[in-house]
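J.: For reference, this is target.pdb, and it has PDB, C-alpha atoms.
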```pdb
ATOM      1  CA  MET Z   1     -27.339  40.888 -41.606  1.00  0.00           C
ATOM      2  CA  GLU Z   2     -28.553  37.780 -39.801  1.00  0.00           C
ATOM      3  CA  ALA Z   3     -30.683  37.029 -36.762  1.00  0.00           C
ATOM      4  CA  ILE Z   4     -31.559  33.990 -34.678  1.00  0.00           C
ATOM      5  CA  ILE Z   5     -35.006  33.369 -33.188  1.00  0.00           C
ATOM      6  CA  LEU Z   6     -35.331  30.794 -30.410  1.00  0.00           C
ATOM      7  CA  ALA Z   7     -38.677  29.180 -31.169  1.00  0.00           C
ATOM      8  CA  GLY Z   8     -38.590  25.852 -29.370  1.00  0.00           C
ATOM      9  CA  GLY Z   9     -41.257  26.793 -26.795  1.00  0.00           C
ATOM     10  CA  LYS Z  10     -44.091  24.251 -26.501  1.00  0.00           C
ATOM     11  CA  ALA Z  11     -46.743  26.710 -25.242  1.00  0.00           C
ATOM     12  CA  GLU Z  12     -47.731  24.340 -22.433  1.00  0.00           C
ATOM     13  CA  ARG Z  13     -48.803  27.184 -20.122  1.00  0.00           C
ATOM     14  CA  LEU Z  14     -51.028  28.625 -22.844  1.00  0.00           C
ATOM     15  CA  GLY Z  15     -53.109  25.457 -22.795  1.00  0.00           C
ATOM     16  CA  ASP Z  16     -55.992  25.342 -25.280  1.00  0.00           C
ATOM     17  CA  ALA Z  17     -55.281  28.936 -26.367  1.00  0.00           C
ATOM     18  CA  ALA Z  18     -52.237  27.655 -28.283  1.00  0.00           C
ATOM     19  CA  GLU Z  19     -54.409  25.315 -30.365  1.00  0.00           C
ATOM     20  CA  GLY Z  20     -51.588  22.783 -30.389  1.00  0.00           C
ATOM     21  CA  ARG Z  21     -49.094  25.126 -32.071  1.00  0.00           C
ATOM     22  CA  PRO Z  22     -45.559  26.043 -30.993  1.00  0.00           C
ATOM     23  CA  LYS Z  23     -45.612  29.225 -28.925  1.00  0.00           C
ATOM     24  CA  ALA Z  24     -43.902  31.341 -31.600  1.00  0.00           C
ATOM     25  CA  LEU Z  25     -46.641  30.381 -34.084  1.00  0.00           C
ATOM     26  CA  VAL Z  26     -49.613  31.131 -31.846  1.00  0.00           C
ATOM     27  CA  SER Z  27     -51.927  33.597 -33.605  1.00  0.00           C
ATOM     28  CA  ILE Z  28     -52.115  37.114 -32.153  1.00  0.00           C
ATOM     29  CA  ALA Z  29     -54.548  39.501 -33.844  1.00  0.00           C
ATOM     30  CA  GLY Z  30     -54.232  37.379 -36.970  1.00  0.00           C
ATOM     31  CA  PRO Z  31     -50.560  36.677 -37.752  1.00  0.00           C
ATOM     32  CA  PRO Z  32     -48.405  34.303 -35.678  1.00  0.00           C
ATOM     33  CA  LEU Z  33     -46.363  35.849 -32.888  1.00  0.00           C
ATOM     34  CA  ALA Z  34     -43.040  35.380 -34.701  1.00  0.00           C
ATOM     35  CA  ALA Z  35     -44.374  37.342 -37.688  1.00  0.00           C
ATOM     36  CA  TYR Z  36     -44.171  40.531 -35.627  1.00  0.00           C
ATOM     37  CA  GLN Z  37     -40.544  39.715 -34.847  1.00  0.00           C
ATOM     38  CA  LEU Z  38     -39.754  39.162 -38.520  1.00  0.00           C
ATOM     39  CA  ALA Z  39     -41.281  42.529 -39.368  1.00  0.00           C
ATOM     40  CA  LEU Z  40     -39.150  44.153 -36.656  1.00  0.00           C
ATOM     41  CA  LEU Z  41     -36.012  42.452 -37.980  1.00  0.00           C
ATOM     42  CA  ALA Z  42     -36.788  43.369 -41.581  1.00  0.00           C
ATOM     43  CA  ARG Z  43     -37.098  47.059 -40.641  1.00  0.00           C
ATOM     44  CA  ALA Z  44     -33.629  46.834 -39.114  1.00  0.00           C
ATOM     45  CA  GLY Z  45     -32.113  45.566 -42.361  1.00  0.00           C
ATOM     46  CA  VAL Z  46     -31.926  41.880 -41.469  1.00  0.00           C
ATOM     47  CA  ASP Z  47     -32.257  39.708 -44.578  1.00  0.00           C
ATOM     48  CA  ARG Z  48     -31.597  36.202 -43.209  1.00  0.00           C
ATOM     49  CA  VAL Z  49     -33.238  34.694 -40.126  1.00  0.00           C
ATOM     50  CA  ILE Z  50     -32.310  31.374 -38.538  1.00  0.00           C
ATOM     51  CA  ILE Z  51     -35.133  29.827 -36.529  1.00  0.00           C
ATOM     52  CA  SER Z  52     -34.267  27.321 -33.818  1.00  0.00           C
ATOM     53  CA  CYS Z  53     -37.219  24.985 -33.370  1.00  0.00           C
ATOM     54  CA  ALA Z  54     -37.998  21.442 -32.288  1.00  0.00           C
ATOM     55  CA  ALA Z  55     -37.064  18.727 -34.760  1.00  0.00           C
ATOM     56  CA  GLY Z  56     -39.965  17.917 -37.058  1.00  0.00           C
ATOM     57  CA  GLN Z  57     -41.357  21.469 -37.032  1.00  0.00           C
ATOM     58  CA  GLU Z  58     -39.064  22.915 -39.674  1.00  0.00           C
ATOM     59  CA  GLU Z  59     -41.569  22.820 -42.543  1.00  0.00           C
ATOM     60  CA  LEU Z  60     -44.330  24.226 -40.320  1.00  0.00           C
ATOM     61  CA  PHE Z  61     -42.244  27.301 -39.499  1.00  0.00           C
ATOM     62  CA  GLN Z  62     -41.204  27.754 -43.123  1.00  0.00           C
ATOM     63  CA  ARG Z  63     -44.814  27.631 -44.271  1.00  0.00           C
ATOM     64  CA  GLU Z  64     -46.285  29.850 -41.552  1.00  0.00           C
ATOM     65  CA  LEU Z  65     -43.622  32.566 -41.768  1.00  0.00           C
ATOM     66  CA  ASP Z  66     -43.166  32.800 -45.519  1.00  0.00           C
ATOM     67  CA  GLY Z  67     -43.768  36.093 -47.297  1.00  0.00           C
ATOM     68  CA  PHE Z  68     -41.676  38.714 -45.472  1.00  0.00           C
ATOM     69  CA  GLY Z  69     -38.918  39.027 -48.064  1.00  0.00           C
ATOM     70  CA  LEU Z  70     -36.498  37.345 -45.665  1.00  0.00           C
ATOM     71  CA  GLU Z  71     -34.509  34.198 -46.189  1.00  0.00           C
ATOM     72  CA  LEU Z  72     -35.659  31.747 -43.524  1.00  0.00           C
ATOM     73  CA  VAL Z  73     -33.482  28.881 -42.320  1.00  0.00           C
ATOM     74  CA  THR Z  74     -34.955  26.432 -39.818  1.00  0.00           C
ATOM     75  CA  VAL Z  75     -32.721  24.397 -37.529  1.00  0.00           C
ATOM     76  CA  GLY Z  76     -34.444  21.596 -35.642  1.00  0.00           C
ATOM     77  CA  GLU Z  77     -33.113  20.514 -32.262  1.00  0.00           C
ATOM     78  CA  PRO Z  78     -32.891  16.705 -32.186  1.00  0.00           C
ATOM     79  CA  GLU Z  79     -33.444  16.918 -28.422  1.00  0.00           C
ATOM     80  CA  PRO Z  80     -34.018  19.793 -25.961  1.00  0.00           C
ATOM     81  CA  LEU Z  81     -30.719  21.642 -25.588  1.00  0.00           C
ATOM     82  CA  GLY Z  82     -31.833  24.632 -23.507  1.00  0.00           C
ATOM     83  CA  ARG Z  83     -31.793  28.199 -24.763  1.00  0.00           C
ATOM     84  CA  GLY Z  84     -28.014  28.434 -24.862  1.00  0.00           C
ATOM     85  CA  GLY Z  85     -27.632  25.113 -26.618  1.00  0.00           C
ATOM     86  CA  GLY Z  86     -30.340  26.048 -29.100  1.00  0.00           C
ATOM     87  CA  LEU Z  87     -28.563  29.323 -29.883  1.00  0.00           C
ATOM     88  CA  ARG Z  88     -25.237  27.561 -30.324  1.00  0.00           C
ATOM     89  CA  LEU Z  89     -26.716  24.975 -32.690  1.00  0.00           C
ATOM     90  CA  ALA Z  90     -28.600  27.586 -34.741  1.00  0.00           C
ATOM     91  CA  ALA Z  91     -25.510  29.809 -34.975  1.00  0.00           C
ATOM     92  CA  GLN Z  92     -23.765  27.070 -36.958  1.00  0.00           C
ATOM     93  CA  ALA Z  93     -26.102  27.894 -39.859  1.00  0.00           C
ATOM     94  CA  ARG Z  94     -24.835  31.482 -40.184  1.00  0.00           C
ATOM     95  CA  GLN Z  95     -23.263  32.577 -43.451  1.00  0.00           C
ATOM     96  CA  THR Z  96     -21.654  35.791 -42.204  1.00  0.00           C
ATOM     97  CA  GLU Z  97     -19.409  36.879 -39.385  1.00  0.00           C
ATOM     98  CA  GLY Z  98     -19.901  39.803 -37.054  1.00  0.00           C
ATOM     99  CA  PRO Z  99     -22.747  40.743 -34.718  1.00  0.00           C
ATOM    100  CA  VAL Z 100     -26.039  38.881 -34.922  1.00  0.00           C
ATOM    101  CA  TYR Z 101     -29.420  39.653 -33.415  1.00  0.00           C
ATOM    102  CA  ALA Z 102     -30.793  36.906 -31.153  1.00  0.00           C
ATOM    103  CA  LEU Z 103     -34.188  36.846 -29.466  1.00  0.00           C
ATOM    104  CA  ASN Z 104     -36.686  34.570 -27.786  1.00  0.00           C
ATOM    105  CA  GLY Z 105     -39.615  33.652 -30.007  1.00  0.00           C
ATOM    106  CA  ASP Z 106     -42.272  34.594 -27.448  1.00  0.00           C
ATOM    107  CA  GLU Z 107     -41.520  38.296 -26.969  1.00  0.00           C
ATOM    108  CA  LEU Z 108     -43.095  41.461 -28.378  1.00  0.00           C
ATOM    109  CA  PHE Z 109     -41.248  44.806 -28.492  1.00  0.00           C
ATOM    110  CA  ASP Z 110     -41.868  48.284 -29.830  1.00  0.00           C
ATOM    111  CA  LEU Z 111     -38.218  49.315 -30.146  1.00  0.00           C
ATOM    112  CA  GLU Z 112     -36.126  49.940 -33.252  1.00  0.00           C
ATOM    113  CA  LEU Z 113     -33.449  47.283 -33.478  1.00  0.00           C
ATOM    114  CA  VAL Z 114     -30.984  49.617 -35.193  1.00  0.00           C
ATOM    115  CA  ASP Z 115     -30.799  51.523 -31.893  1.00  0.00           C
ATOM    116  CA  LEU Z 116     -29.748  48.311 -30.167  1.00  0.00           C
ATOM    117  CA  LEU Z 117     -27.103  47.690 -32.820  1.00  0.00           C
ATOM    118  CA  ASP Z 118     -25.781  51.247 -32.510  1.00  0.00           C
ATOM    119  CA  ALA Z 119     -25.519  50.943 -28.725  1.00  0.00           C
ATOM    120  CA  HIS Z 120     -23.792  47.581 -29.084  1.00  0.00           C
ATOM    121  CA  SER Z 121     -21.276  48.967 -31.559  1.00  0.00           C
ATOM    122  CA  ARG Z 122     -20.480  51.895 -29.266  1.00  0.00           C
ATOM    123  CA  GLY Z 123     -20.221  49.697 -26.174  1.00  0.00           C
ATOM    124  CA  GLY Z 124     -17.595  47.369 -27.579  1.00  0.00           C
ATOM    125  CA  GLY Z 125     -18.724  44.326 -25.602  1.00  0.00           C
ATOM    126  CA  ALA Z 126     -18.892  40.683 -26.640  1.00  0.00           C
ATOM    127  CA  ALA Z 127     -22.662  40.854 -26.184  1.00  0.00           C
ATOM    128  CA  THR Z 128     -25.354  43.409 -25.395  1.00  0.00           C
ATOM    129  CA  ILE Z 129     -28.580  42.438 -23.667  1.00  0.00           C
ATOM    130  CA  THR Z 130     -31.761  44.480 -23.834  1.00  0.00           C
ATOM    131  CA  VAL Z 131     -33.045  45.164 -20.335  1.00  0.00           C
ATOM    132  CA  ALA Z 132     -36.366  46.554 -19.128  1.00  0.00           C
ATOM    133  CA  PRO Z 133     -37.487  47.928 -15.744  1.00  0.00           C
ATOM    134  CA  LEU Z 134     -38.852  45.313 -13.372  1.00  0.00           C
ATOM    135  CA  GLN Z 135     -42.530  45.973 -12.715  1.00  0.00           C
ATOM    136  CA  SER Z 136     -44.053  44.780  -9.479  1.00  0.00           C
ATOM    137  CA  PRO Z 137     -46.886  42.266  -9.970  1.00  0.00           C
ATOM    138  CA  PHE Z 138     -48.513  43.761  -6.853  1.00  0.00           C
ATOM    139  CA  GLY Z 139     -49.582  47.148  -5.629  1.00  0.00           C
ATOM    140  CA  VAL Z 140     -47.217  48.569  -3.007  1.00  0.00           C
ATOM    141  CA  VAL Z 141     -47.811  50.499   0.192  1.00  0.00           C
ATOM    142  CA  ASP Z 142     -45.737  53.597   0.922  1.00  0.00           C
ATOM    143  CA  ALA Z 143     -45.164  53.903   4.682  1.00  0.00           C
ATOM    144  CA  ASP Z 144     -42.844  56.395   6.409  1.00  0.00           C
ATOM    145  CA  GLU Z 145     -40.389  55.799   9.258  1.00  0.00           C
ATOM    146  CA  ASN Z 146     -43.238  56.072  11.766  1.00  0.00           C
ATOM    147  CA  ASP Z 147     -45.293  53.425   9.962  1.00  0.00           C
ATOM    148  CA  VAL Z 148     -47.789  56.014   8.767  1.00  0.00           C
ATOM    149  CA  VAL Z 149     -49.193  54.971   5.403  1.00  0.00           C
ATOM    150  CA  ARG Z 150     -48.731  57.819   2.941  1.00  0.00           C
ATOM    151  CA  GLY Z 151     -50.219  56.234  -0.143  1.00  0.00           C
ATOM    152  CA  PHE Z 152     -50.503  53.324  -2.510  1.00  0.00           C
ATOM    153  CA  ARG Z 153     -49.021  52.589  -5.905  1.00  0.00           C
ATOM    154  CA  GLU Z 154     -50.467  49.996  -8.272  1.00  0.00           C
ATOM    155  CA  ALA Z 155     -47.833  47.733  -9.897  1.00  0.00           C
ATOM    156  CA  PRO Z 156     -45.022  50.330  -9.942  1.00  0.00           C
ATOM    157  CA  LYS Z 157     -41.726  49.978 -11.753  1.00  0.00           C
ATOM    158  CA  LEU Z 158     -38.997  48.905  -9.338  1.00  0.00           C
ATOM    159  CA  PRO Z 159     -35.366  50.113  -9.300  1.00  0.00           C
ATOM    160  CA  TYR Z 160     -34.111  46.940 -11.019  1.00  0.00           C
ATOM    161  CA  TRP Z 161     -33.623  45.823 -14.614  1.00  0.00           C
ATOM    162  CA  VAL Z 162     -34.382  42.428 -16.150  1.00  0.00           C
ATOM    163  CA  SER Z 163     -33.273  40.753 -19.360  1.00  0.00           C
ATOM    164  CA  THR Z 164     -35.907  40.746 -22.100  1.00  0.00           C
ATOM    165  CA  GLY Z 165     -34.347  37.925 -24.112  1.00  0.00           C
ATOM    166  CA  LEU Z 166     -33.211  40.215 -26.951  1.00  0.00           C
ATOM    167  CA  TYR Z 167     -29.472  40.443 -27.606  1.00  0.00           C
ATOM    168  CA  MET Z 168     -26.638  41.360 -29.931  1.00  0.00           C
ATOM    169  CA  LEU Z 169     -23.970  38.652 -29.993  1.00  0.00           C
ATOM    170  CA  GLU Z 170     -20.431  38.877 -31.293  1.00  0.00           C
ATOM    171  CA  GLU Z 171     -18.330  35.892 -32.377  1.00  0.00           C
ATOM    172  CA  GLU Z 172     -16.719  35.785 -28.927  1.00  0.00           C
ATOM    173  CA  ALA Z 173     -20.072  35.359 -27.192  1.00  0.00           C
ATOM    174  CA  ILE Z 174     -21.300  32.760 -29.688  1.00  0.00           C
ATOM    175  CA  ALA Z 175     -18.126  30.701 -29.239  1.00  0.00           C
ATOM    176  CA  ARG Z 176     -18.765  30.624 -25.480  1.00  0.00           C
ATOM    177  CA  LEU Z 177     -22.388  29.494 -25.632  1.00  0.00           C
ATOM    178  CA  PRO Z 178     -23.010  26.180 -23.847  1.00  0.00           C
ATOM    179  CA  GLU Z 179     -23.743  23.019 -25.793  1.00  0.00           C
ATOM    180  CA  ARG Z 180     -26.572  22.467 -23.326  1.00  0.00           C
ATOM    181  CA  GLY Z 181     -28.244  24.749 -20.829  1.00  0.00           C
ATOM    182  CA  ASP Z 182     -29.040  28.428 -20.501  1.00  0.00           C
ATOM    183  CA  HIS Z 183     -26.594  31.111 -21.617  1.00  0.00           C
ATOM    184  CA  GLU Z 184     -28.049  33.558 -19.050  1.00  0.00           C
ATOM    185  CA  THR Z 185     -26.709  31.352 -16.229  1.00  0.00           C
ATOM    186  CA  THR Z 186     -23.409  30.438 -17.894  1.00  0.00           C
ATOM    187  CA  THR Z 187     -22.081  32.579 -20.748  1.00  0.00           C
ATOM    188  CA  PHE Z 188     -23.519  35.921 -19.689  1.00  0.00           C
ATOM    189  CA  PRO Z 189     -22.361  35.809 -16.034  1.00  0.00           C
ATOM    190  CA  GLU Z 190     -18.871  34.872 -17.242  1.00  0.00           C
ATOM    191  CA  LEU Z 191     -18.806  37.783 -19.692  1.00  0.00           C
ATOM    192  CA  ALA Z 192     -20.155  40.128 -17.018  1.00  0.00           C
ATOM    193  CA  GLY Z 193     -17.356  39.088 -14.662  1.00  0.00           C
ATOM    194  CA  GLU Z 194     -14.858  40.064 -17.352  1.00  0.00           C
ATOM    195  CA  GLY Z 195     -16.538  43.382 -18.155  1.00  0.00           C
ATOM    196  CA  ARG Z 196     -17.471  42.123 -21.642  1.00  0.00           C
ATOM    197  CA  LEU Z 197     -21.269  42.355 -21.328  1.00  0.00           C
ATOM    198  CA  ARG Z 198     -23.265  45.527 -21.980  1.00  0.00           C
ATOM    199  CA  ALA Z 199     -26.888  46.521 -21.322  1.00  0.00           C
ATOM    200  CA  PHE Z 200     -29.313  48.382 -23.589  1.00  0.00           C
ATOM    201  CA  ARG Z 201     -32.136  49.965 -21.601  1.00  0.00           C
ATOM    202  CA  HIS Z 202     -35.632  49.785 -23.060  1.00  0.00           C
ATOM    203  CA  GLU Z 203     -38.629  51.308 -21.282  1.00  0.00           C
ATOM    204  CA  GLY Z 204     -41.235  50.831 -23.997  1.00  0.00           C
ATOM    205  CA  LEU Z 205     -43.396  47.833 -24.799  1.00  0.00           C
ATOM    206  CA  TRP Z 206     -42.113  44.433 -23.748  1.00  0.00           C
ATOM    207  CA  LEU Z 207     -44.571  41.558 -23.556  1.00  0.00           C
ATOM    208  CA  THR Z 208     -43.707  37.923 -22.940  1.00  0.00           C
ATOM    209  CA  VAL Z 209     -46.469  35.580 -24.074  1.00  0.00           C
ATOM    210  CA  ASN Z 210     -46.528  32.707 -21.594  1.00  0.00           C
ATOM    211  CA  THR Z 211     -50.096  32.506 -20.302  1.00  0.00           C
ATOM    212  CA  PRO Z 212     -53.630  33.127 -21.625  1.00  0.00           C
ATOM    213  CA  LYS Z 213     -53.581  36.447 -19.746  1.00  0.00           C
ATOM    214  CA  ASP Z 214     -50.382  37.449 -21.567  1.00  0.00           C
ATOM    215  CA  LEU Z 215     -51.980  36.428 -24.850  1.00  0.00           C
ATOM    216  CA  ARG Z 216     -54.997  38.665 -24.189  1.00  0.00           C
ATOM    217  CA  ARG Z 217     -52.744  41.623 -23.353  1.00  0.00           C
ATOM    218  CA  ALA Z 218     -50.769  41.104 -26.560  1.00  0.00           C
ATOM    219  CA  GLN Z 219     -53.969  40.774 -28.566  1.00  0.00           C
ATOM    220  CA  GLU Z 220     -55.344  44.020 -27.143  1.00  0.00           C
ATOM    221  CA  TYR Z 221     -52.106  45.891 -27.831  1.00  0.00           C
ATOM    222  CA  LEU Z 222     -51.782  44.682 -31.412  1.00  0.00           C
ATOM    223  CA  GLU Z 223     -55.432  45.338 -32.210  1.00  0.00           C
ATOM    224  CA  SER Z 224     -54.893  48.947 -31.129  1.00  0.00           C
ATOM    225  CA  HIS Z 225     -51.652  49.236 -33.150  1.00  0.00           C
ATOM    226  CA  PRO Z 226     -52.525  47.961 -36.644  1.00  0.00           C
ATOM    227  CA  GLY Z 227     -49.929  47.829 -39.364  1.00  0.00           C
ATOM    228  CA  LEU Z 228     -47.102  46.330 -37.325  1.00  0.00           C
ATOM    229  CA  VAL Z 229     -46.824  43.418 -39.750  1.00  0.00           C
ATOM    230  CA  VAL Z 230     -46.210  44.269 -43.404  1.00  0.00           C
ATOM    231  CA  ARG Z 231     -45.797  41.421 -45.870  1.00  0.00           C
TER     232      ARG Z 231
END
```
Please, can you express the file's structure as structure tokens?
T.:
Amino acid sequence: MEAIILAGGKAERLGDAAEGRPKALVSIAGPPLAAYQLALLARAGVDRVIISCAAGQEELFQRELDGFGLELVTVGEPEPLGRGGGLRLAAQARQTEGPVYALNGDELFDLELVDLLDAHSRGGGAATITVAPLQSPFGVVDADENDVVRGFREAPKLPYWVSTGLYMLEEEAIARLPERGDHETTTFPELAGEGRLRAFRHEGLWLTVNTPKDLRRAQEYLESHPGLVVR
């Protein structure tokens, strides 16, 4: 089975913490971020991973991510194509048909990807997106109808779900990816309007590494959960 990792992020918001490396190759508790994704994919039976990166970084990704028993194929974007365009370009390097895992290169999860595949197979959609509860970045105040404050809640989960950037894509969805732009504002809304898009709910760990604060949180989590990367 194959997977695609979108790894074109420049890590600009990470600043000096990125040490000049692409975001997916930033070190977290030792290994690069994408190494944790490769380990997750390998446990799910994936044996070939296509990495979409910026042109000129192909050899860097091959060198940094070698040693997981996976065939790695790097596809460099000659110019920024957006996430949807990057996925479409990378998908041309597939050798098999059928569903493919696709994920952003700056995310950490604690789920088992076979559960996502099972849900996708049962759902019968053209694509399945992994969604997580939206957590408020602020504490909230609970007030009743008489404006009496009854309590406070620190950063609660809200009754909404957000895309985590982890998907299962069928041939139909891949064929409808844009040549440029973001699939979450083009392809996915179109599929949703046709009833061809499914959701897989995940309430466990989901960390996006965008800022130095995110990097520290990821570091702390991975230091307390050793053994997540097995070469």
J.: Using all atoms listed in the file, which of Z:Ala7, Z:Leu40, Z:Leu14, Z:Ala35 sits nearest Pro80 of chain Z?
T.: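 Under the stated criterion, the closest residue is Z:Ala7.
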J.: Which is closer to Leu117 of chain Z than all the others in Z:Glu220, Z:Asp214, Z:Glu170, Z:Asp144, using only C-alpha atoms?
T.: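 Closest residue, counting only C-alpha atoms: Z:Glu170.
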J.: Within 12 Å of Ala143 of chain Z, counting all atoms listed in the file, which residues qualify if same-chain residues fewer than 6 places away don't, as a list in words?
T.: Val149, Arg150, Gly151, Phe152 and Arg153 of chain Z
J.: Distance cut-off 12 Å, centre (-33.7, 36.9, -21.0) in file coordinates, counting only C-alpha atoms: which residues qualify? Return them as a list in words.
T.: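 Protein, DNA and RNA residues close to (-33.7, 36.9, -21.0): Leu6, Arg83, Gly84, Ala102, Leu103, Asn104, Gly105, Asp106, Glu107, Thr128, Ile129, Thr130, Val131, Ala132, Trp161, Val162, Ser163, Thr164, Gly165, Leu166, Tyr167, Asp182, His183, Glu184, Thr185, Phe188, Ala199, Trp206 and Thr208 of chain Z.
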J.: Atom CA of Arg48 of chain Z to atom CA of Gln219 of chain Z: how many Å, to one decimal?
T.: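 Answer for the atom CA of Arg48 of chain Z to atom CA of Gln219 of chain Z separation: 27.1 Å.
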